[in-house]
Each structure stands twice: as structure tokens, then as C-alpha cells.
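Notes follow the structure.
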Amino acid sequence: MTRVLVARQDNLGDVLLAGPCVRAVAASGAQVTLLAGPHGRAAGDLLPGVADVLTWTAPWIDPEPPPVTAEDTGAFVALMREKSFDRALILTSFHQSPLPLALLLRQAGVPWIGAISEDYPGSLLDLRHRVDGDPPEPVRMLSLAEAAGFSLPPDDHGALALRRPLPNTAQLTGGGAYVVVHPAASVPARQPSAAWSRETVRALAADGHRVFVTGAPSERTLTREVAGTSAVDLGGRTSLAELAAVLSGARVVVAPNTGPAHLAAAAGTPVVSLFAPVVPQERWAPYGVPTVVLGDQQAPCRASRARVCPVPGHPCLDTIDSADVCRAVTALAQPGVTSPVPAAATS
């Protein structure tokens, strides 16, 4: 059996977006090992087609990179040599280079390596793939698999997907319809203020929705404040698989541009995307599910990739009217909504 390494070494959402690419490789009959970073590793366990997940912190990708040491890179090369992969696909965002990892994989003896690369790779890559335009990130990564000779089977929809069955979370959500609000994001520039999120939860509850607020253990203070007395606080009470199950059962998920928004999309749940334009929504908006994008996409922070909002008051998100969120939730919750709803931007 052919052994293929697929690498995506940044965050949870990035790994989820690699799902169609992974499935295309697995559909060939290859055994797929996912190489993830520590921030995205848990998502790898949820991807259909992944046989094994390895974790290594890439100093050129991780937001808090460790020092580069001969001991660390040497141990990684030794592990890759021991695994004896036949091929490797290196998945990166447009601003990341695949070449450092390609160099280490070459040292480990991997005989064939493909990646998207603008830089001249010399002998580091066997396939130097180019992507025109600004396609959604899952399409961009899938195109690398296709260029390498892998393709999705005819019955694969090409959207994001999760390994099922998911855990039973009825003890958390009870019976009846509900909406999820996930207020946090991986970087502050993509996260609305706690006060705005709390007001939006109140508006959704007043509109007749049963609301759950989700978050990681480190976000419990935020989720407690946002939930208040209007919603049920699930902050820190779920594993990633349990969070996926909660999102899967929701009528709609309201979230900023962060991993759980992509987790909701992978679960097949419509998303109201609170999208700060520090990165382009064309690439990073929730993919493959009905979606309404809210937020000023022409704000001064546009395309800056800022991690902390550079504009006082965070206007791209905090000026969104909660009534617009309620209207978007109502539109997406209608029976039979199966295609993306036209995006709406607030100013």
C-alpha cells in the first residue's frame, strides 16, 4: 500500500479545510498520515480518510515558534525516515513556504514531494503547483491533490466533512431546536467584543431562540459573560468531537472567522460568519454550507493579516447590528435552505 504524508501544520480550521484534499488522496487506496501542528492536531482525528496523525511544531509556521535546534529537526527527520513515506503533499497558506519542510523530508529520504510554491524549489519538490486567482482554501488545497494525480470519487460532494458517528451530546443540549454562538477567535482581531456578543445573545433569545454559547476551557470567562442569563454556557465543557456534535445539532451557528466556524461547516450546519476582513473572505469564509457573511469588508484593516485590531473600537465587527444577526439566523434556519445565501456586509 502506498503511504502518503499530507502536511498541514497550523490551526484547527486550516486542518479541517484540508479535508477534501485528504479524502482525494485516501480515495486512491493510499494510507494517509496527517502531519499537524499542536494547534490543529485534534482536528486531524475528525477527518475522514486519515489513518494516522503525527504532531510536530514547525518553527516557520507556528505563531509561537520554538527555537530551531539540530536535536529537534534531527529527531523529526529520523521519525520521517522510520515511517518510510512514498509521497508527501505539503499544504500551506499563500503566505507560508513549503520549502523548509520539503528540505527535511528530502533528508528523510521521501522520494516524491508536491506543494504549492511561488518560490523556486530547486530539487526540493517534484511537483511545484501554481494556483491562479483567489479560490476558497479547500479548493486551493484540493487542486494540489488533483495535480498530483489524486481525485475525489464521483459521489464525494467536495465539501468539508467529519468522521462519524459523533458523540451523543443530548445531556448538554436537551431536546428541541437551538442556535449556537461561539464568541471567541484564535486571534483578537477576528473576535467581536464580549459586550457585542452578549447583546447579540440577548437579541437571539428575545427572538425566540434557545441559545448555547461555546468555547474552549481557556475561554470560560468570556463564555460566561456572553451567555449571561439569556443562554446556556457550554464554555470548556466539550471536547472537540463533542463540540462538533453540538454544532452538528444546531439550526445555525454564529461565529467569527475561526476554527469552530469551519467545524460547523464540516458538520453541515449553516453559519452566520462574523468576518473581520484582515484576511479575504473569498478564501476563508465557511465553505460548502449556507452562509451569511456579516462585517465591514472594506474596513481599514482589510487584507492586513493583523492579529490585533489596529482600528479603535473594532468597527468591522462591533458595528454589526444584532438585528441583522437575528435576520440572518432566521433566513438560514428556514427549511430547504441548501445553497449559500448571498453574503451581506455591514458598514
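So you can find residues: chains in the C-alpha cells are A, B, ... in the order shown, residues in each start at 1, and ligands are numbered from 1 in order.
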I'd like a table as CSV: residues in segment 239-310 of chain A with an atom no more than 12 Å from segment 219-234 of chain A, each row giving the shortest atom pair and its distance in Å to one decimal, only C-alpha atoms counted, sorted by chain and rising residue number.
residue,atom,partner,partner_atom,distance
A:Ser239,CA,A:Leu234,CA,10.8
A:Glu242,CA,A:Leu234,CA,10.8
A:Leu243,CA,A:Leu234,CA,9.2
A:Val246,CA,A:Leu234,CA,9.7
A:Leu247,CA,A:Leu234,CA,11.7
Hey, what's within 8 Å of Ile90 of chain A if we count only C-alpha atoms and toss same-chain stuff fewer than 6 positions away? As a short mmCIF file (atom, residue, chain, number, x, y, z; two decimals) with N, CA, C and O atoms, in the first residue's frame, please?
data_model
loop_
_atom_site.label_atom_id
_atom_site.label_comp_id
_atom_site.auth_asym_id
_atom_site.auth_seq_id
_atom_site.Cartn_x
_atom_site.Cartn_y
_atom_site.Cartn_z
N VAL A 6 0.39 13.81 4.31
CA VAL A 6 -0.23 15.09 3.99
C VAL A 6 0.01 16.02 5.16
O VAL A 6 -0.37 15.71 6.30
N ALA A 7 0.68 17.14 4.92
CA ALA A 7 1.06 18.05 6.00
C ALA A 7 0.21 19.32 5.96
O ALA A 7 0.06 19.95 4.92
N ARG A 8 -0.36 19.66 7.12
CA ARG A 8 -1.00 20.97 7.32
C ARG A 8 -0.75 21.32 8.77
O ARG A 8 -1.35 20.76 9.69
N PRO A 98 6.42 26.09 1.77
CA PRO A 98 6.53 24.65 1.98
C PRO A 98 7.97 24.14 1.97
O PRO A 98 8.22 22.98 2.28
N LEU A 101 9.95 22.42 5.15
CA LEU A 101 9.52 21.05 5.40
C LEU A 101 9.99 20.13 4.28
O LEU A 101 10.41 18.99 4.53
N ALA A 102 9.93 20.61 3.05
CA ALA A 102 10.40 19.79 1.93
C ALA A 102 11.87 19.41 2.10
O ALA A 102 12.27 18.27 1.81
N ILE A 113 7.72 14.64 -3.53
CA ILE A 113 7.11 15.68 -2.71
C ILE A 113 6.43 16.69 -3.63
O ILE A 113 7.01 17.14 -4.63
N GLY A 114 5.20 17.07 -3.30
CA GLY A 114 4.48 18.09 -4.04
C GLY A 114 4.00 19.19 -3.12
O GLY A 114 3.67 18.94 -1.95
N ALA A 115 3.94 20.42 -3.64
CA ALA A 115 3.47 21.55 -2.85
C ALA A 115 3.12 22.70 -3.79
O ALA A 115 3.55 22.74 -4.94
N ILE A 116 2.32 23.63 -3.27
CA ILE A 116 2.08 24.90 -3.96
C ILE A 116 3.22 25.83 -3.56
O ILE A 116 3.45 26.05 -2.37
#
Selected residue, from A:Ser117, A:Thr214, A:Asn257, A:Thr238, that lies nearest to Val187 of chain A when counting only C-alpha atoms: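 Looking at the shortest contact to Val187 of chain A, the residue is A:Asn257.
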Filtered DSSP result for segment 166-315 of chain A, state helix (DSSP H, G or I), as a VMD selection string: chain A and resid 170 to 173 188 to 190 194 to 206 217 to 227 240 to 249 259 to 266 281 to 284 315
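The spacing separating atom CA of Arg327 of chain A from atom CA of His314 of chain A amounts to 22.2 Å.
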Residue nearest Ser273 of chain A - candidates A:Met141, A:Val337, A:His182, A:Gly208, atoms counted: only C-alpha atoms: A:His182
Contacts of segment 55-62 of chain A at 8 Å (only C-alpha atoms; same-chain gap of 4+ positions) as number ranges by chain: A: 9-10, 35-38, 41, 66-68, 76, 96, 100
Store the residues picked out above in a file with C-alpha atoms, as a compact mmCIF listing (two decimals), in the first residue's frame.
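Done, and the output landed in out-v7.txt:
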# COMPACT_ATOMS: atom_id res chain seq x y z
CA GLN A 9 0.76 22.41 10.35
CA ASP A 10 -1.15 25.45 11.53
CA LEU A 35 1.26 15.81 9.84
CA ALA A 36 -0.24 18.54 12.00
CA GLY A 37 0.98 21.17 14.42
CA PRO A 38 -0.11 21.21 18.07
CA ARG A 41 -3.80 18.12 15.76
CA PRO A 66 10.20 27.22 19.30
CA PRO A 67 13.91 27.68 18.63
CA VAL A 68 15.36 25.78 15.72
CA PHE A 76 11.88 14.78 13.16
CA GLN A 96 3.67 30.19 4.17
CA PRO A 100 11.65 24.15 4.87
All strand (DSSP E) positions in segment 36-270 of chain A, as a VMD selection string: chain A and resid 36 50 to 55 87 to 90 113 to 116 127 to 129 179 to 181 211 to 213 232 to 233 252 to 256
Could those residues be written to a file, using N, CA, C and O atoms, as a CSV table (one decimal), in the first residue's frame?
chain,number,residue,atom,x,y,z
A,36,ALA,N,0.4,17.3,11.5
A,36,ALA,CA,-0.2,18.5,12.0
A,36,ALA,C,0.7,19.2,13.0
A,36,ALA,O,1.6,18.6,13.6
A,50,VAL,N,-8.1,9.9,7.1
A,50,VAL,CA,-6.9,9.9,7.9
A,50,VAL,C,-6.7,8.6,8.7
A,50,VAL,O,-7.5,8.3,9.5
A,51,ALA,N,-5.6,7.9,8.4
A,51,ALA,CA,-5.3,6.7,9.1
A,51,ALA,C,-4.5,7.0,10.4
A,51,ALA,O,-4.6,6.2,11.3
A,52,ASP,N,-3.7,8.0,10.4
A,52,ASP,CA,-2.8,8.3,11.5
A,52,ASP,C,-2.5,9.8,11.5
A,52,ASP,O,-2.5,10.4,10.5
A,53,VAL,N,-2.2,10.3,12.7
A,53,VAL,CA,-1.9,11.7,12.9
A,53,VAL,C,-0.6,11.8,13.6
A,53,VAL,O,-0.4,11.3,14.7
A,54,LEU,N,0.4,12.6,13.0
A,54,LEU,CA,1.6,12.9,13.7
A,54,LEU,C,1.6,14.4,14.0
A,54,LEU,O,1.0,15.2,13.3
A,55,THR,N,2.3,14.7,15.1
A,55,THR,CA,2.4,16.1,15.5
A,55,THR,C,3.8,16.6,15.6
A,55,THR,O,4.6,15.9,16.2
A,87,ARG,N,5.2,9.2,-0.7
A,87,ARG,CA,4.9,10.5,-1.3
A,87,ARG,C,4.5,11.5,-0.2
A,87,ARG,O,4.1,11.0,0.9
A,88,ALA,N,4.6,12.7,-0.4
A,88,ALA,CA,4.2,13.8,0.5
A,88,ALA,C,3.6,14.9,-0.2
A,88,ALA,O,4.1,15.4,-1.2
A,89,LEU,N,2.5,15.4,0.3
A,89,LEU,CA,1.9,16.7,-0.1
A,89,LEU,C,2.0,17.7,1.0
A,89,LEU,O,1.5,17.4,2.1
A,90,ILE,N,2.6,18.8,0.8
A,90,ILE,CA,2.7,19.8,1.8
A,90,ILE,C,1.7,20.9,1.5
A,90,ILE,O,1.8,21.6,0.5
A,113,ILE,N,7.7,14.6,-3.5
A,113,ILE,CA,7.1,15.7,-2.7
A,113,ILE,C,6.4,16.7,-3.6
A,113,ILE,O,7.0,17.1,-4.6
A,114,GLY,N,5.2,17.1,-3.3
A,114,GLY,CA,4.5,18.1,-4.0
A,114,GLY,C,4.0,19.2,-3.1
A,114,GLY,O,3.7,18.9,-1.9
A,115,ALA,N,3.9,20.4,-3.6
A,115,ALA,CA,3.5,21.6,-2.9
A,115,ALA,C,3.1,22.7,-3.8
A,115,ALA,O,3.6,22.7,-4.9
A,116,ILE,N,2.3,23.6,-3.3
A,116,ILE,CA,2.1,24.9,-4.0
A,116,ILE,C,3.2,25.8,-3.6
A,116,ILE,O,3.5,26.1,-2.4
A,127,LEU,N,6.7,18.2,-7.6
A,127,LEU,CA,5.6,18.9,-8.2
A,127,LEU,C,5.6,20.3,-7.6
A,127,LEU,O,5.3,20.4,-6.4
A,128,ARG,N,5.8,21.3,-8.4
A,128,ARG,CA,5.7,22.7,-8.0
A,128,ARG,C,4.4,23.2,-8.6
A,128,ARG,O,4.3,23.5,-9.8
A,129,HIS,N,3.3,23.2,-7.8
A,129,HIS,CA,2.0,23.5,-8.3
A,129,HIS,C,1.7,25.0,-8.1
A,129,HIS,O,2.1,25.7,-7.2
A,179,VAL,N,-29.7,27.4,18.7
A,179,VAL,CA,-28.7,28.2,17.9
A,179,VAL,C,-27.4,28.2,18.8
A,179,VAL,O,-27.5,28.3,20.0
A,180,VAL,N,-26.3,28.1,18.2
A,180,VAL,CA,-25.0,28.2,18.9
A,180,VAL,C,-24.3,29.6,18.6
A,180,VAL,O,-24.3,30.0,17.4
A,181,VAL,N,-23.8,30.2,19.6
A,181,VAL,CA,-23.0,31.4,19.4
A,181,VAL,C,-21.6,31.1,20.0
A,181,VAL,O,-21.5,30.7,21.1
A,211,VAL,N,-30.4,29.4,23.0
A,211,VAL,CA,-29.1,29.7,22.6
A,211,VAL,C,-28.1,29.0,23.5
A,211,VAL,O,-28.2,29.0,24.8
A,212,PHE,N,-27.1,28.4,22.9
A,212,PHE,CA,-25.9,27.9,23.6
A,212,PHE,C,-24.7,28.6,23.3
A,212,PHE,O,-24.5,28.9,22.1
A,213,VAL,N,-23.8,28.9,24.2
A,213,VAL,CA,-22.6,29.7,24.0
A,213,VAL,C,-21.4,28.7,24.2
A,213,VAL,O,-21.3,28.0,25.3
A,232,VAL,N,-27.3,29.2,27.6
A,232,VAL,CA,-26.6,28.2,28.4
A,232,VAL,C,-25.1,28.2,28.0
A,232,VAL,O,-24.8,28.2,26.8
A,233,ASP,N,-24.3,28.3,29.0
A,233,ASP,CA,-22.9,28.4,28.9
A,233,ASP,C,-22.2,27.0,28.8
A,233,ASP,O,-22.2,26.3,29.8
A,252,VAL,N,-28.4,26.8,13.4
A,252,VAL,CA,-27.4,27.8,12.8
A,252,VAL,C,-26.4,28.0,13.9
A,252,VAL,O,-26.6,28.0,15.1
A,253,VAL,N,-25.1,28.3,13.4
A,253,VAL,CA,-24.0,28.7,14.3
A,253,VAL,C,-23.6,30.1,13.9
A,253,VAL,O,-23.5,30.4,12.7
A,254,VAL,N,-23.4,30.9,14.9
A,254,VAL,CA,-23.0,32.3,14.8
A,254,VAL,C,-21.5,32.3,15.3
A,254,VAL,O,-21.3,32.1,16.5
A,255,ALA,N,-20.6,32.7,14.5
A,255,ALA,CA,-19.2,32.6,14.9
A,255,ALA,C,-18.3,33.5,14.1
A,255,ALA,O,-18.6,33.8,12.9
A,256,PRO,N,-17.2,34.0,14.7
A,256,PRO,CA,-16.2,34.8,13.9
A,256,PRO,C,-15.4,33.8,13.0
A,256,PRO,O,-15.6,32.6,13.0
Would you tabulate, counting only C-alpha atoms, all residues of segment 106-214 of chain A that have an atom at most 10 Å from an atom of segment 283-306 of chain A, showing the closest pair of atoms and their distance in Å to one decimal, sorted by chain then ascending number, as a tab-separated table?
residue	atom	partner	partner_atom	distance
A:Asp134	CA	A:Arg283	CA	6.5
A:Pro135	CA	A:Arg283	CA	5.8
A:Pro136	CA	A:Arg283	CA	3.9
A:Glu137	CA	A:Arg283	CA	5.2
A:Pro138	CA	A:Tyr287	CA	7.7
A:Val139	CA	A:Arg283	CA	9.0
A:Arg140	CA	A:Arg283	CA	8.8
A:His157	CA	A:Gly288	CA	9.0
A:Gly158	CA	A:Gly288	CA	8.1
A:Ala159	CA	A:Gly288	CA	5.0
A:Leu160	CA	A:Gly288	CA	6.8
A:Ala161	CA	A:Gly288	CA	9.7
A:Val187	CA	A:Ala306	CA	8.8
A:Pro188	CA	A:Ala306	CA	9.0
A:Ala189	CA	A:Ala306	CA	6.5
A:Arg190	CA	A:Ala306	CA	8.9
Within 9 Å of Trp196 of chain A using only C-alpha atoms, minus same-chain residues under 2 positions, as a count of residues only: 13
Separation of atom CA of Val272 of chain A from atom CA of Val329 of chain A, in Å and rounded to one decimal: 6.8 Å
Spatial neighbours of Ala333 of chain A, 9 Å, only C-alpha atoms, chain gap at least 5 places, as a PyMOL selection string: chain A and resi 251-252+270+328
Restrict the selected residues to C-alpha atoms and save them as a PDB file, in the first residue's frame.
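Written out: selection28.pdb:
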ATOM      1  CA  ARG A 251     -30.025  25.029  13.407  1.00  0.00           C
ATOM      2  CA  VAL A 252     -27.441  27.790  12.836  1.00  0.00           C
ATOM      3  CA  PRO A 270     -25.389  26.855   8.296  1.00  0.00           C
ATOM      4  CA  ALA A 328     -29.576  36.055   9.094  1.00  0.00           C
TER       5      ALA A 328
END
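Distance annotation: of A:Leu204, A:Val32, A:Val22, A:Leu17, the residue with the minimal separation from Met1 of chain A is A:Val32; atom set is only C-alpha atoms.
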Near-Leu166 of chain A list (9 Å; only C-alpha atoms; drop same-chain fewer than 3 positions) as an MDAnalysis selection string: chainID A and resid 162:163 169 241:242 244:245 248
One-decimal distance in Å that lies between atom CA of Thr258 of chain A and atom CA of Arg307 of chain A: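 About the pair atom CA of Arg307 of chain A and atom CA of Thr258 of chain A: they are 12.4 Å apart.
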Residue nearest Phe85 of chain A among A:Ala323, A:Cys316, A:Leu34, A:Val308 (counting only C-alpha atoms):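 Ranking A:Ala323, A:Cys316, A:Leu34, A:Val308 by distance to Phe85 of chain A, first place goes to A:Leu34.
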